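Note: the block below is protein31.txt and it holds compact mmCIF, C-alpha atoms.
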# COMPACT_ATOMS: atom_id res chain seq x y z
CA MET A 1 7.91 -2.77 17.46
CA LEU A 2 5.63 -4.90 15.30
CA ARG A 3 3.36 -7.40 17.01
CA ILE A 4 2.06 -10.31 14.95
CA GLY A 5 -0.20 -13.23 15.81
CA GLU A 6 1.46 -16.61 15.27
CA HIS A 7 -0.90 -17.36 12.41
CA GLY A 8 0.02 -14.15 10.62
CA TYR A 9 3.71 -14.91 10.97
CA GLU A 10 3.24 -18.40 9.57
CA GLU A 11 1.08 -17.00 6.76
CA MET A 12 3.80 -14.61 5.60
CA VAL A 13 6.48 -17.30 5.64
CA ALA A 14 4.18 -19.76 3.86
CA HIS A 15 3.36 -17.17 1.21
CA ALA A 16 7.04 -16.43 0.68
CA LEU A 17 7.64 -20.13 0.01
CA ASP A 18 4.52 -20.50 -2.17
CA GLY A 19 5.65 -17.55 -4.26
CA LEU A 20 8.94 -19.13 -5.34
CA PRO A 21 10.69 -18.65 -7.68
CA ASN A 22 9.24 -15.13 -7.58
CA GLU A 23 9.10 -12.65 -4.74
CA ALA A 24 5.83 -12.81 -2.83
CA CYS A 25 4.14 -9.72 -1.38
CA GLY A 26 1.16 -8.73 0.67
CA LEU A 27 -0.28 -6.18 3.05
CA LEU A 28 -0.78 -6.03 6.81
CA ALA A 29 -3.80 -4.52 8.51
CA GLY A 30 -4.28 -3.49 12.10
CA LEU A 31 -6.13 -1.13 14.36
CA PRO A 32 -4.85 2.45 14.06
CA GLY A 33 -1.90 3.23 16.29
CA GLN A 34 -1.56 -0.19 17.91
CA GLY A 35 1.43 -1.57 16.01
CA LYS A 36 -0.13 -4.98 15.62
CA ALA A 37 -0.72 -6.83 12.35
CA HIS A 38 -4.10 -8.48 12.88
CA VAL A 39 -4.71 -9.48 9.28
CA VAL A 40 -2.31 -10.62 6.56
CA TYR A 41 -3.50 -10.12 2.99
CA ARG A 42 -1.74 -12.12 0.33
CA CYS A 43 -1.45 -10.02 -2.82
CA ARG A 44 -0.27 -10.96 -6.29
CA ASN A 45 3.15 -9.75 -7.34
CA ALA A 46 2.20 -7.87 -10.50
CA ALA A 47 5.89 -7.75 -11.47
CA GLU A 48 6.08 -11.59 -11.44
CA SER A 49 9.79 -11.34 -10.72
CA SER A 50 12.34 -12.95 -8.43
CA ARG A 51 14.06 -9.57 -7.95
CA VAL A 52 11.30 -6.98 -7.60
CA TYR A 53 7.69 -6.82 -6.54
CA THR A 54 4.67 -4.65 -7.20
CA VAL A 55 1.60 -5.21 -5.06
CA ASP A 56 -1.20 -5.86 -7.54
CA PRO A 57 -3.22 -2.61 -7.43
CA LEU A 58 -6.61 -4.31 -7.37
CA ASP A 59 -5.51 -6.67 -4.60
CA HIS A 60 -4.43 -3.56 -2.69
CA LEU A 61 -7.83 -1.95 -3.21
CA LYS A 62 -9.62 -5.12 -1.99
CA ALA A 63 -7.37 -5.38 1.07
CA ASP A 64 -7.87 -1.71 1.87
CA ARG A 65 -11.65 -2.04 1.68
CA ASP A 66 -11.72 -5.21 3.75
CA ALA A 67 -9.50 -3.63 6.41
CA GLU A 68 -11.73 -0.59 6.56
CA ALA A 69 -14.83 -2.76 6.94
CA LYS A 70 -13.12 -4.33 9.97
CA GLY A 71 -12.35 -0.90 11.43
CA MET A 72 -8.67 -1.35 10.58
CA GLN A 73 -6.24 0.19 8.16
CA ILE A 74 -3.25 -0.98 6.16
CA ILE A 75 -0.25 -0.62 8.47
CA GLY A 76 2.46 -2.26 6.42
CA VAL A 77 3.67 -4.43 3.61
CA TYR A 78 5.63 -7.66 3.53
CA HIS A 79 7.63 -9.18 0.72
CA SER A 80 10.16 -11.91 0.25
CA HIS A 81 13.78 -11.79 -0.76
CA THR A 82 14.51 -15.02 -2.54
CA HIS A 83 18.32 -14.88 -2.50
CA THR A 84 19.33 -11.97 -0.30
CA ASP A 85 19.20 -11.01 3.36
CA ALA A 86 16.06 -9.79 5.10
CA TYR A 87 17.15 -6.17 4.83
CA PRO A 88 15.58 -3.39 2.71
CA SER A 89 17.18 -2.96 -0.70
CA PRO A 90 17.81 0.51 -2.15
CA THR A 91 14.68 -0.03 -4.26
CA ASP A 92 12.65 -0.83 -1.14
CA VAL A 93 13.81 2.40 0.47
CA ALA A 94 13.30 4.54 -2.62
CA GLN A 95 9.76 3.28 -3.11
CA ALA A 96 8.59 3.07 0.51
CA PRO A 97 5.14 4.70 0.30
CA ASP A 98 4.34 5.57 3.90
CA PRO A 99 6.63 6.52 6.82
CA ASN A 100 4.11 5.12 9.30
CA TRP A 101 4.13 1.64 7.77
CA HIS A 102 5.95 -1.45 8.94
CA TYR A 103 8.13 -3.01 6.24
CA VAL A 104 8.46 -6.76 6.74
CA ILE A 105 10.92 -8.82 4.73
CA VAL A 106 11.05 -12.62 4.67
CA SER A 107 14.40 -13.90 3.47
CA LEU A 108 14.61 -17.33 1.89
CA LYS A 109 18.35 -17.10 1.38
CA ASP A 110 19.09 -19.67 4.08
CA PRO A 111 17.34 -23.02 4.61
CA GLU A 112 15.37 -21.55 7.53
CA PRO A 113 13.28 -18.48 6.53
CA VAL A 114 14.17 -15.26 8.36
CA LEU A 115 11.51 -12.58 9.03
CA ARG A 116 12.49 -9.07 10.07
CA SER A 117 10.64 -5.76 10.22
CA PHE A 118 11.80 -2.21 9.54
CA ARG A 119 10.64 1.38 9.60
CA ILE A 120 11.68 3.50 6.63
CA VAL A 121 11.45 7.25 7.26
CA ASP A 122 12.99 9.82 4.92
CA GLY A 123 15.21 7.16 3.41
CA LYS A 124 16.51 6.03 6.80
CA ILE A 125 16.14 2.35 7.73
CA THR A 126 15.55 1.33 11.34
CA GLU A 127 15.01 -2.28 12.32
CA GLU A 128 12.26 -2.90 14.85
CA PRO A 129 11.62 -5.89 17.09
CA VAL A 130 9.03 -8.42 15.94
CA VAL A 131 6.97 -9.83 18.78
CA LEU A 132 4.94 -12.99 18.23
CA GLU A 133 1.66 -13.26 20.08
CA ARG A 134 -0.64 -16.23 20.46
CA THR A 135 -3.66 -14.51 18.94
CA MET B 1 -21.42 15.41 -10.34
CA ALA B 2 -20.54 14.84 -6.69
CA VAL B 3 -18.13 12.01 -5.97
CA GLU B 4 -16.44 10.75 -2.84
CA ILE B 5 -12.65 10.68 -2.98
CA ARG B 6 -11.04 8.26 -0.53
CA LEU B 7 -7.51 9.11 0.58
CA PRO B 8 -4.81 6.73 1.82
CA THR B 9 -3.56 7.30 5.37
CA VAL B 10 -0.31 8.84 4.13
CA LEU B 11 -2.18 11.67 2.36
CA ARG B 12 -4.75 12.43 5.05
CA GLN B 13 -2.37 14.79 6.82
CA HIS B 14 -2.72 17.07 3.79
CA ALA B 15 -6.52 17.04 4.06
CA GLY B 16 -7.05 17.92 7.69
CA GLY B 17 -6.89 14.26 8.71
CA GLN B 18 -9.99 13.34 6.73
CA ALA B 19 -10.28 9.91 5.10
CA SER B 20 -12.73 10.94 2.42
CA ILE B 21 -13.59 14.19 0.70
CA LYS B 22 -16.55 15.17 -1.44
CA ALA B 23 -15.60 16.70 -4.77
CA ASN B 24 -17.39 17.85 -7.89
CA GLY B 25 -16.63 17.30 -11.55
CA ALA B 26 -17.79 15.53 -14.69
CA THR B 27 -14.46 13.77 -15.13
CA LEU B 28 -11.84 12.36 -12.81
CA GLY B 29 -9.54 15.24 -13.72
CA GLU B 30 -12.16 17.81 -12.74
CA ALA B 31 -12.93 16.02 -9.49
CA LEU B 32 -9.22 15.91 -8.60
CA GLN B 33 -8.93 19.59 -9.48
CA ASP B 34 -11.76 20.31 -7.06
CA LEU B 35 -10.01 18.16 -4.44
CA THR B 36 -6.70 20.02 -4.80
CA ARG B 37 -8.51 23.36 -4.80
CA GLN B 38 -9.86 22.39 -1.36
CA PHE B 39 -6.54 20.94 -0.21
CA PRO B 40 -3.67 22.46 -2.21
CA LEU B 41 -1.02 20.33 -0.45
CA LEU B 42 -2.45 17.25 -2.15
CA LYS B 43 -1.69 18.53 -5.62
CA ASP B 44 1.95 17.45 -5.89
CA GLN B 45 1.07 14.08 -4.40
CA VAL B 46 -1.47 13.11 -7.02
CA ILE B 47 -0.83 15.09 -10.22
CA THR B 48 2.55 15.64 -11.90
CA GLU B 49 3.79 18.98 -13.22
CA ASP B 50 2.80 17.75 -16.68
CA GLY B 51 -0.77 17.41 -15.50
CA THR B 52 -0.85 13.61 -15.56
CA LEU B 53 -1.50 11.13 -12.76
CA HIS B 54 1.51 10.56 -10.56
CA LYS B 55 3.02 7.12 -11.05
CA PHE B 56 3.36 6.63 -7.29
CA VAL B 57 -0.39 6.49 -6.84
CA ASN B 58 -3.07 4.19 -8.20
CA VAL B 59 -6.50 5.69 -8.70
CA TYR B 60 -9.72 3.72 -9.01
CA LYS B 61 -13.24 4.63 -10.04
CA ASN B 62 -15.26 2.23 -7.91
CA ASP B 63 -13.51 -1.09 -8.73
CA GLU B 64 -11.67 -0.04 -11.85
CA ASP B 65 -8.13 1.23 -12.23
CA VAL B 66 -8.49 4.48 -14.17
CA ARG B 67 -5.31 3.74 -16.11
CA TYR B 68 -7.41 1.14 -17.95
CA LEU B 69 -10.28 3.58 -18.40
CA ASP B 70 -9.64 7.09 -19.73
CA LYS B 71 -7.19 8.18 -17.02
CA LEU B 72 -7.96 11.78 -16.04
CA ASP B 73 -10.62 11.98 -18.76
CA THR B 74 -12.59 9.14 -17.15
CA LYS B 75 -16.22 10.21 -16.76
CA VAL B 76 -17.57 10.17 -13.23
CA ASP B 77 -21.18 10.05 -12.03
CA ASP B 78 -22.97 11.10 -8.89
CA GLY B 79 -22.21 8.64 -6.11
CA ASP B 80 -19.03 7.21 -7.64
CA THR B 81 -16.24 6.46 -5.23
CA ILE B 82 -12.75 7.45 -6.27
CA SER B 83 -10.02 5.67 -4.30
CA ILE B 84 -6.43 6.85 -4.23
CA LEU B 85 -3.86 4.36 -2.95
CA PRO B 86 -0.08 4.47 -2.94
CA ALA B 87 1.66 2.24 -5.45
CA VAL B 88 3.46 -0.37 -3.35
CA ALA B 89 6.60 -1.82 -4.88
CA GLY B 90 10.19 -2.61 -4.12
CA GLY B 91 13.00 -4.99 -4.80
Produce structure tokens that represent the structure in this file.
Amino acid sequence: MLRIGEHGYEEMVAHALDGLPNEACGLLAGLPGQGKAHVVYRCRNAAESSRVYTVDPLDHLKADRDAEAKGMQIIGVYHSHTHTDAYPSPTDVAQAPDPNWHYVIVSLKDPEPVLRSFRIVDGKITEEPVVLERT
Amino acid sequence: MAVEIRLPTVLRQHAGGQASIKANGATLGEALQDLTRQFPLLKDQVITEDGTLHKFVNVYKNDEDVRYLDKLDTKVDDGDTISILPAVAGG
């Protein structure tokens, strides 16, 4: 299960829309072991592509440092799919860096954005519930 | 030269759960060698068989990506912080 504050949810969807026509991407930070995304870090898509994304390495470093200063750690990544479903692509699975992370995808395929979250462990995809919280 | 090497969460399991490790060397390559001497399981995660930096990690000396410096030959000084982070990408 991934818990997200309403603001964080809106931030990811807004970033997905702002990123068009390219995929948007960013990182999620939370307290260790709590499964809650407290902070959403927008990152640049270094690939500048509508089909793939690469979290800008320096943006990642800044996010990592900021999270650590808050006593948090990076617990996941989000990115948008501009024309496909909110489901991990083979590339997403092949390049998933950390089995403990949450992998959030925002699909803009339909008029209403769809946000879903997954765990990716040893190449196996499992969807997890996303719970919105007020704070 | 003594530097601090910061590990991403995914690699800490190979370093006894520690988030940062002290290592010695005059260059990044030497410091990473010292790191993998202390924690051999980290070797395959950071350095390829060819002895180059793995493409699935990004390594920084303080605020600079070492790929834009001298890669493994980048000089390091006392007190430098080396950060290793996973490359995050997908489709």
>> I'd like the neighbourhood of stretch 6-18 of chain B as number ranges by chain, where a residue qualifies if any of its atoms comes within 7 Å (using all atoms listed in the file), though same-chain residues fewer than 5 positions away should be ignored.
In response: A: 98; B: 39, 41-42, 82-85
> stretch 56-63 of chain A: which residues within 12 Å, counting all atoms listed in the file, same-chain residues fewer than 3 positions away excluded, as an MDAnalysis selection string?
Replying inline: (chainID A and resid 24:30 39:48 53 66:70 72:77) or (chainID B and resid 6:8 56:68 82:89)
Kindly export the residues of the current selection with C-alpha atoms, as a PDB file, in the frame of the given file.
ATOM      1  CA  ALA A  24       5.830 -12.810  -2.830  1.00  0.00           C
ATOM      2  CA  CYS A  25       4.140  -9.720  -1.380  1.00  0.00           C
ATOM      3  CA  GLY A  26       1.160  -8.730   0.670  1.00  0.00           C
ATOM      4  CA  LEU A  27      -0.280  -6.180   3.050  1.00  0.00           C
ATOM      5  CA  LEU A  28      -0.780  -6.030   6.810  1.00  0.00           C
ATOM      6  CA  ALA A  29      -3.800  -4.520   8.510  1.00  0.00           C
ATOM      7  CA  GLY A  30      -4.280  -3.490  12.100  1.00  0.00           C
ATOM      8  CA  VAL A  39      -4.710  -9.480   9.280  1.00  0.00           C
ATOM      9  CA  VAL A  40      -2.310 -10.620   6.560  1.00  0.00           C
ATOM     10  CA  TYR A  41      -3.500 -10.120   2.990  1.00  0.00           C
ATOM     11  CA  ARG A  42      -1.740 -12.120   0.330  1.00  0.00           C
ATOM     12  CA  CYS A  43      -1.450 -10.020  -2.820  1.00  0.00           C
ATOM     13  CA  ARG A  44      -0.270 -10.960  -6.290  1.00  0.00           C
ATOM     14  CA  ASN A  45       3.150  -9.750  -7.340  1.00  0.00           C
ATOM     15  CA  ALA A  46       2.200  -7.870 -10.500  1.00  0.00           C
ATOM     16  CA  ALA A  47       5.890  -7.750 -11.470  1.00  0.00           C
ATOM     17  CA  GLU A  48       6.080 -11.590 -11.440  1.00  0.00           C
ATOM     18  CA  TYR A  53       7.690  -6.820  -6.540  1.00  0.00           C
ATOM     19  CA  ASP A  66     -11.720  -5.210   3.750  1.00  0.00           C
ATOM     20  CA  ALA A  67      -9.500  -3.630   6.410  1.00  0.00           C
ATOM     21  CA  GLU A  68     -11.730  -0.590   6.560  1.00  0.00           C
ATOM     22  CA  ALA A  69     -14.830  -2.760   6.940  1.00  0.00           C
ATOM     23  CA  LYS A  70     -13.120  -4.330   9.970  1.00  0.00           C
ATOM     24  CA  MET A  72      -8.670  -1.350  10.580  1.00  0.00           C
ATOM     25  CA  GLN A  73      -6.240   0.190   8.160  1.00  0.00           C
ATOM     26  CA  ILE A  74      -3.250  -0.980   6.160  1.00  0.00           C
ATOM     27  CA  ILE A  75      -0.250  -0.620   8.470  1.00  0.00           C
ATOM     28  CA  GLY A  76       2.460  -2.260   6.420  1.00  0.00           C
ATOM     29  CA  VAL A  77       3.670  -4.430   3.610  1.00  0.00           C
TER      30      VAL A  77
ATOM     31  CA  ARG B   6     -11.040   8.260  -0.530  1.00  0.00           C
ATOM     32  CA  LEU B   7      -7.510   9.110   0.580  1.00  0.00           C
ATOM     33  CA  PRO B   8      -4.810   6.730   1.820  1.00  0.00           C
ATOM     34  CA  PHE B  56       3.360   6.630  -7.290  1.00  0.00           C
ATOM     35  CA  VAL B  57      -0.390   6.490  -6.840  1.00  0.00           C
ATOM     36  CA  ASN B  58      -3.070   4.190  -8.200  1.00  0.00           C
ATOM     37  CA  VAL B  59      -6.500   5.690  -8.700  1.00  0.00           C
ATOM     38  CA  TYR B  60      -9.720   3.720  -9.010  1.00  0.00           C
ATOM     39  CA  LYS B  61     -13.240   4.630 -10.040  1.00  0.00           C
ATOM     40  CA  ASN B  62     -15.260   2.230  -7.910  1.00  0.00           C
ATOM     41  CA  ASP B  63     -13.510  -1.090  -8.730  1.00  0.00           C
ATOM     42  CA  GLU B  64     -11.670  -0.040 -11.850  1.00  0.00           C
ATOM     43  CA  ASP B  65      -8.130   1.230 -12.230  1.00  0.00           C
ATOM     44  CA  VAL B  66      -8.490   4.480 -14.170  1.00  0.00           C
ATOM     45  CA  ARG B  67      -5.310   3.740 -16.110  1.00  0.00           C
ATOM     46  CA  TYR B  68      -7.410   1.140 -17.950  1.00  0.00           C
ATOM     47  CA  ILE B  82     -12.750   7.450  -6.270  1.00  0.00           C
ATOM     48  CA  SER B  83     -10.020   5.670  -4.300  1.00  0.00           C
ATOM     49  CA  ILE B  84      -6.430   6.850  -4.230  1.00  0.00           C
ATOM     50  CA  LEU B  85      -3.860   4.360  -2.950  1.00  0.00           C
ATOM     51  CA  PRO B  86      -0.080   4.470  -2.940  1.00  0.00           C
ATOM     52  CA  ALA B  87       1.660   2.240  -5.450  1.00  0.00           C
ATOM     53  CA  VAL B  88       3.460  -0.370  -3.350  1.00  0.00           C
ATOM     54  CA  ALA B  89       6.600  -1.820  -4.880  1.00  0.00           C
TER      55      ALA B  89
END
>> Select, as a PyMOL selection string, those residues of chain A with any atom no more than 8 Å from chain B (distances computed using all atoms listed in the file).
In response: chain A and resi 51-55+57-58+60-61+81+89-100
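Using all atoms listed in the file, the contacts of A:Val131 at a cut-off of 9 Å, with sequence neighbours closer than 3 positions omitted, comprise A:Met1, A:Leu2, A:Arg3, A:Ile4, A:Gly5.
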> Between B:Glu4, B:Thr27, B:Gln45, B:His54, which has the minimum distance to B:Asp70 (counting all atoms listed in the file)?
Replying inline: B:Thr27
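Rounded to one decimal, atom CA of A:His102 and atom CA of A:Asp85 lie 17.3 Å from each other.
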> How many Å separate atom CA of B:Asp80 from atom CA of A:Trp101?
Replying inline: 28.4 Å
